[in-house]
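The next block holds one structure in the form of structure tokens; read it before the comments.
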Amino acid sequence: MQSEAFRNHAHDLVDWIANYLDQTGDYPVTPQTQPGEILAQLPALAPDQPEAFEQIFADFEKIILPGMTHWQHPSFFAYFPANASPPSLLGEMLTSALAAQCMSWLTSPAATELEQRVMEWLREAIGLPKQFQGVIQDTASTATLCALLSARERESGFSINEHGFTGQRYRVYASIEAHSSVEKAVRIAGLGSANLVKIPVDSDFALQPQALQAAITADRQAGYTPLCVVAAWGTTGSTALDPLSEIADICEREKLWLHVDAAYAGSGLILPELQELAKGIERADSLVFNPHKWLLTHFDCSAYFVRDAAVLEQTFGLTPEYLKTAIDRQVNNYRDWGIQLGRRFRALKLWFVLRSYGLTELQLLLRNQISWVQELADDIDAHPDFERLAPVPLNLVCFRYKPEQIAEAELDKLNAELLARLNATGQLFMTHTRLNSVYTLRLVAGQRRTQREDVRAAWEQIQTTAQTLLANRA
Ligand SMILES: *Cc1c(COP(=O)(O)O)cnc(C)c1O
């Protein structure tokens, strides 16, 4: 593609993008695509001859776009959001333009030093002590794996990296509500799923510290070596907040690594009033949260903070001759702060976001979303046919439809049907979980474009769809 053609296509694309951003809400949130439908429209082999960009773009609009879920839709209430924003998009465009590989300081000094600075900004913004140092990872899953590997190496005197396991029997602890990435990390770190001890939760779905202590004590008696606790600050199911102070007390006493998985909720720590709820987080060894979930920064951008960066570097540092540079001792080489060698320039979009909004605007946005969901929670509580199923500390509400005339045994099926009907409208998208094995509807209002009216409209639609569903059954 010649420069002039690129310029023209790029201008056209920017117009297309700006229109899309204005009109995202006009698309069905989820497509009505059947499995295999997109695949069938794509040729089995790559083209032999060059194709015109116009043709490629036409196929994007015809084949790809109708098969997309629109994560930036104002009525995207599913999972957790993967937020984006215009400044973040512009940052991503420049990252693409530079197409730098930011593995070492020397391979892009500005990328390294900007990453260091924006991580310091985030550290201050969420109220972490200065001792913590941050690095951008691709995902929280990767960060949690880094934490477990660091814990393993610190505990073994960095010997497992060297010799492999020599009979250690480590145990990792997390609540039954912990994210599946914890178990995946336990597997990859060679510890074995069977050595992930799942601790029961209280009626608010937060880890029970007494049960944690009891499990650790029992494990020591049985000859295991307790290694690490992964506390959730904001579980995926219901944003339950594990009691970090009490967990930190236990970890200190037992000399265990404390990793805090705040993948979603951690962005909320830019609100001083929420920092109160996270007391104890400053005593963690490591913590992760995803600006790519709630803080308007494009996927992928996961902020990983560690109390002792030397442990991280000692765990992951491995410098072959061809990567050695004269200034290695004076700079951060982020290739040694995680798993992968090659790294994207992710700090740029985060810098654009933090500067374009400023903390005040971001705080306002998060506060609004939280207040709309608290309002919805009150409405659910006030409605005789709906039941709220978990506390609402942030902007996720868990609930179910529970009309008087339907027996408990029928409720799971009824709610699954309600969810399917709601999502089939294409006007909103919600997902479910199980809490105490009860089928639970989740509504997260964390999308940047979501307004109070969208949350109100969703609640109206939930009520009318539920009534119709009930009437059809009778
Ligand atoms: C979303 C989520 C994760 C996984 O995040 P990735 O960045 O996709 O790996 C982990 N833990 C919690 C609590 C989450 O909500």
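Letters A, B, ... mark the chains of the structure tokens in the order given; residue numbers begin at 1 per chain; ligand numbers begin at 1, in order shown.
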Enumerate, in order of chain and increasing residue number, the residues of chain A with an atom no farther than 6 Å from ligand 1, each with its shortest atom pair and distance in Å to one decimal, counting only C-alpha atoms and all ligand atoms, as a tab-separated table.
```
residue	atom	partner	partner_atom_place_in_ligand_line	distance
A:Thr139	CA	ligand 1	7 (O)	3.5
A:Ala140	CA	ligand 1	7 (O)	3.7
A:Ser141	CA	ligand 1	9 (O)	3.6
A:His179	CA	ligand 1	11 (N)	4.8
A:Ser181	CA	ligand 1	10 (C)	5.8
A:Gly234	CA	ligand 1	13 (C)	5.9
A:Thr235	CA	ligand 1	13 (C)	4.7
A:Thr236	CA	ligand 1	15 (O)	4.2
A:Asp261	CA	ligand 1	13 (C)	5.7
A:Ala262	CA	ligand 1	13 (C)	5.8
A:Ala263	CA	ligand 1	12 (C)	4.6
A:Tyr264	CA	ligand 1	15 (O)	4.9
```
Output for the residues just chosen: all heavy atoms as a compact mmCIF listing (two decimals), in the first residue's frame:
```txt
# COMPACT_ATOMS: atom_id res chain seq x y z
N THR A 139 -2.69 -9.01 31.06
CA THR A 139 -3.95 -9.32 31.73
C THR A 139 -3.72 -9.60 33.21
O THR A 139 -2.59 -9.86 33.64
CB THR A 139 -4.61 -10.59 31.13
OG1 THR A 139 -3.70 -11.67 31.29
CG2 THR A 139 -4.97 -10.42 29.66
N ALA A 140 -4.81 -9.61 33.96
CA ALA A 140 -4.74 -9.97 35.37
C ALA A 140 -4.32 -11.43 35.53
O ALA A 140 -3.64 -11.79 36.50
CB ALA A 140 -6.09 -9.73 36.05
N SER A 141 -4.71 -12.27 34.58
CA SER A 141 -4.32 -13.68 34.65
C SER A 141 -2.80 -13.80 34.68
O SER A 141 -2.22 -14.57 35.46
CB SER A 141 -4.85 -14.46 33.44
OG SER A 141 -6.23 -14.32 33.32
N HIS A 179 -11.46 -15.97 41.18
CA HIS A 179 -11.51 -16.09 39.73
C HIS A 179 -10.77 -17.34 39.25
O HIS A 179 -9.78 -17.76 39.86
CB HIS A 179 -10.88 -14.84 39.11
CG HIS A 179 -11.10 -14.71 37.63
ND1 HIS A 179 -10.20 -15.16 36.70
CD2 HIS A 179 -12.13 -14.18 36.95
CE1 HIS A 179 -10.67 -14.90 35.49
NE2 HIS A 179 -11.84 -14.29 35.61
N SER A 181 -8.73 -17.66 37.02
CA SER A 181 -7.33 -17.41 36.67
C SER A 181 -6.39 -17.80 37.81
O SER A 181 -5.21 -18.07 37.57
CB SER A 181 -7.12 -15.93 36.31
OG SER A 181 -7.52 -15.09 37.37
N GLY A 234 -13.18 -7.54 45.16
CA GLY A 234 -14.13 -7.47 44.06
C GLY A 234 -14.16 -8.78 43.30
O GLY A 234 -13.49 -8.92 42.27
N THR A 235 -14.92 -9.76 43.80
CA THR A 235 -15.01 -11.03 43.09
C THR A 235 -15.76 -10.83 41.78
O THR A 235 -16.55 -9.88 41.63
CB THR A 235 -15.77 -12.09 43.92
OG1 THR A 235 -17.08 -11.56 44.22
CG2 THR A 235 -15.04 -12.41 45.21
N THR A 236 -15.54 -11.75 40.86
CA THR A 236 -16.19 -11.63 39.55
C THR A 236 -17.69 -11.88 39.67
O THR A 236 -18.48 -11.23 38.99
CB THR A 236 -15.55 -12.63 38.57
OG1 THR A 236 -14.12 -12.48 38.68
CG2 THR A 236 -15.97 -12.36 37.15
N ASP A 261 -6.16 -9.76 44.12
CA ASP A 261 -6.75 -9.72 42.78
C ASP A 261 -7.91 -8.73 42.82
O ASP A 261 -9.00 -9.04 43.29
CB ASP A 261 -7.23 -11.12 42.39
CG ASP A 261 -7.96 -11.12 41.04
OD1 ASP A 261 -8.02 -10.06 40.39
OD2 ASP A 261 -8.47 -12.19 40.66
N ALA A 262 -7.62 -7.52 42.33
CA ALA A 262 -8.64 -6.46 42.28
C ALA A 262 -8.90 -6.12 40.81
O ALA A 262 -9.07 -4.95 40.46
CB ALA A 262 -8.16 -5.24 43.06
N ALA A 263 -8.91 -7.15 39.97
CA ALA A 263 -8.91 -6.93 38.52
C ALA A 263 -9.95 -5.91 38.09
O ALA A 263 -9.64 -4.98 37.36
CB ALA A 263 -9.14 -8.27 37.80
N TYR A 264 -11.18 -6.09 38.55
CA TYR A 264 -12.20 -5.11 38.17
C TYR A 264 -12.24 -3.94 39.15
O TYR A 264 -12.07 -2.78 38.79
CB TYR A 264 -13.58 -5.78 38.08
CG TYR A 264 -14.65 -4.76 37.77
CD1 TYR A 264 -14.67 -4.12 36.54
CD2 TYR A 264 -15.59 -4.37 38.73
CE1 TYR A 264 -15.62 -3.15 36.25
CE2 TYR A 264 -16.54 -3.41 38.44
CZ TYR A 264 -16.55 -2.80 37.20
OH TYR A 264 -17.47 -1.83 36.92
```
How close does range 265-377 of chain A get to range 111-126 of chain A? List, as a tab-separated table, each residue of range 265-377 of chain A within 12 Å, its nearest atom pair and the distance in Å to one decimal, counting only C-alpha atoms.
```
residue	atom	partner	partner_atom	distance
A:Ala265	CA	A:Ile126	CA	11.2
A:Gly266	CA	A:Ile126	CA	7.9
A:Ser267	CA	A:Ile126	CA	7.6
A:Gly268	CA	A:Ile126	CA	8.0
A:Leu269	CA	A:Ile126	CA	4.7
A:Ile270	CA	A:Ile126	CA	4.7
A:Leu271	CA	A:Ile126	CA	7.6
A:Pro272	CA	A:Ile126	CA	7.9
A:Glu273	CA	A:Ile126	CA	10.9
A:Leu274	CA	A:Ile126	CA	9.5
A:Gln275	CA	A:Ile126	CA	7.4
A:Glu276	CA	A:Ile126	CA	11.1
A:Ala278	CA	A:Ile126	CA	10.1
A:Lys279	CA	A:Ile126	CA	11.7
A:Ile281	CA	A:Ile126	CA	10.3
A:Glu282	CA	A:Ile126	CA	10.3
A:Leu287	CA	A:Arg123	CA	10.8
A:Val288	CA	A:Arg123	CA	11.1
A:Phe289	CA	A:Leu122	CA	10.4
A:Asn290	CA	A:Leu122	CA	11.2
A:Pro291	CA	A:Leu122	CA	9.6
A:Leu295	CA	A:Leu122	CA	10.8
A:Cys301	CA	A:Glu115	CA	11.1
A:Ser302	CA	A:Met119	CA	10.5
A:Ala303	CA	A:Met119	CA	7.4
A:Tyr304	CA	A:Met119	CA	8.8
A:Phe305	CA	A:Arg123	CA	8.0
A:Val306	CA	A:Arg123	CA	10.5
A:Arg307	CA	A:Arg123	CA	11.4
A:Gln330	CA	A:Glu113	CA	11.8
A:Val331	CA	A:Thr112	CA	8.6
A:Asn332	CA	A:Thr112	CA	7.0
A:Asn333	CA	A:Thr112	CA	7.5
A:Tyr334	CA	A:Thr112	CA	7.4
A:Arg335	CA	A:Thr112	CA	10.3
A:Trp337	CA	A:Thr112	CA	11.8
A:Arg343	CA	A:Ala111	CA	10.0
A:Arg344	CA	A:Ala111	CA	9.1
A:Phe345	CA	A:Ala111	CA	6.1
A:Arg346	CA	A:Glu115	CA	7.8
A:Ala347	CA	A:Glu115	CA	5.0
A:Leu348	CA	A:Leu114	CA	7.4
A:Lys349	CA	A:Val118	CA	10.3
A:Leu350	CA	A:Val118	CA	7.4
A:Trp351	CA	A:Val118	CA	6.3
A:Phe352	CA	A:Val118	CA	10.1
A:Val353	CA	A:Val118	CA	10.5
A:Leu354	CA	A:Val118	CA	8.5
A:Arg355	CA	A:Val118	CA	10.2
A:Gly358	CA	A:Ala125	CA	10.7
A:Leu359	CA	A:Ala125	CA	7.8
A:Thr360	CA	A:Ala125	CA	10.7
A:Leu362	CA	A:Ala125	CA	11.0
A:Gln363	CA	A:Ala125	CA	10.4
```
Exercise for review: From a DSSP calculation on the backbone, collect every residue of range 185-418 of chain A in strand (DSSP E or B) and output the set as a count of residues only.
Suggested key: 39
Exercise for review: as a PyMOL selection string, please: all residues of range 84-276 of chain A that backbone DSSP puts in helix (DSSP H, G or I).
Suggested key: chain A and resi 86-98+109-125+140-155+160-163+180-188+193-195+209-221+244-254+265-270+272-276
Point to revise | Nearby residues (only C-alpha atoms) at most 9 Å from Arg283 in chain A, same-chain spacing under 4 positions excluded, as a ChimeraX atom specification | key: /A:244-245,248-249,252,258,279,307
Residue subset to file, keeping C-alpha atoms, as a PDB file, in the first residue's frame:
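Done, and the output landed in selection.pdb:
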```pdb
ATOM      1  CA  LEU A 244      -7.814  -7.502  53.478  1.00  0.00           C
ATOM      2  CA  SER A 245      -6.678  -6.344  56.945  1.00  0.00           C
ATOM      3  CA  ALA A 248      -2.865  -9.436  55.874  1.00  0.00           C
ATOM      4  CA  ASP A 249      -2.599 -10.183  59.614  1.00  0.00           C
ATOM      5  CA  GLU A 252       2.217 -11.593  58.178  1.00  0.00           C
ATOM      6  CA  LEU A 258      -0.373 -11.876  49.874  1.00  0.00           C
ATOM      7  CA  LYS A 279      -7.692  -1.163  54.256  1.00  0.00           C
ATOM      8  CA  ARG A 307       6.170  -4.328  47.102  1.00  0.00           C
TER       9      ARG A 307
END
```
Exercise for review: Can you pull out every residue within 12 Å of Ala240 in chain A, counting only C-alpha atoms, but drop anything in the same chain fewer than 3 positions away, and send it as a ChimeraX atom specification?
Suggested key: /A:175-179,201-208,231-237,243-244,261-262,264-265,277-278,389-398,435
Review point. Got a sec: who's within 10 Å of Leu42 in chain A, counting only C-alpha atoms, leaving out chain neighbours fewer than 5 positions off, as a PyMOL selection string?
Key: chain A and resi 37+59+63-64
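In this structure, CA of Met68 in chain A sits 27.0 Å away from CA of Thr464 in chain A.
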Check your understanding: Skipping near chain neighbours, those fewer than 4 positions away, what residues fall within 9 Å of His70 in chain A using only C-alpha atoms, listed as number ranges by chain?
Key -> A: 24-25, 27-31, 76
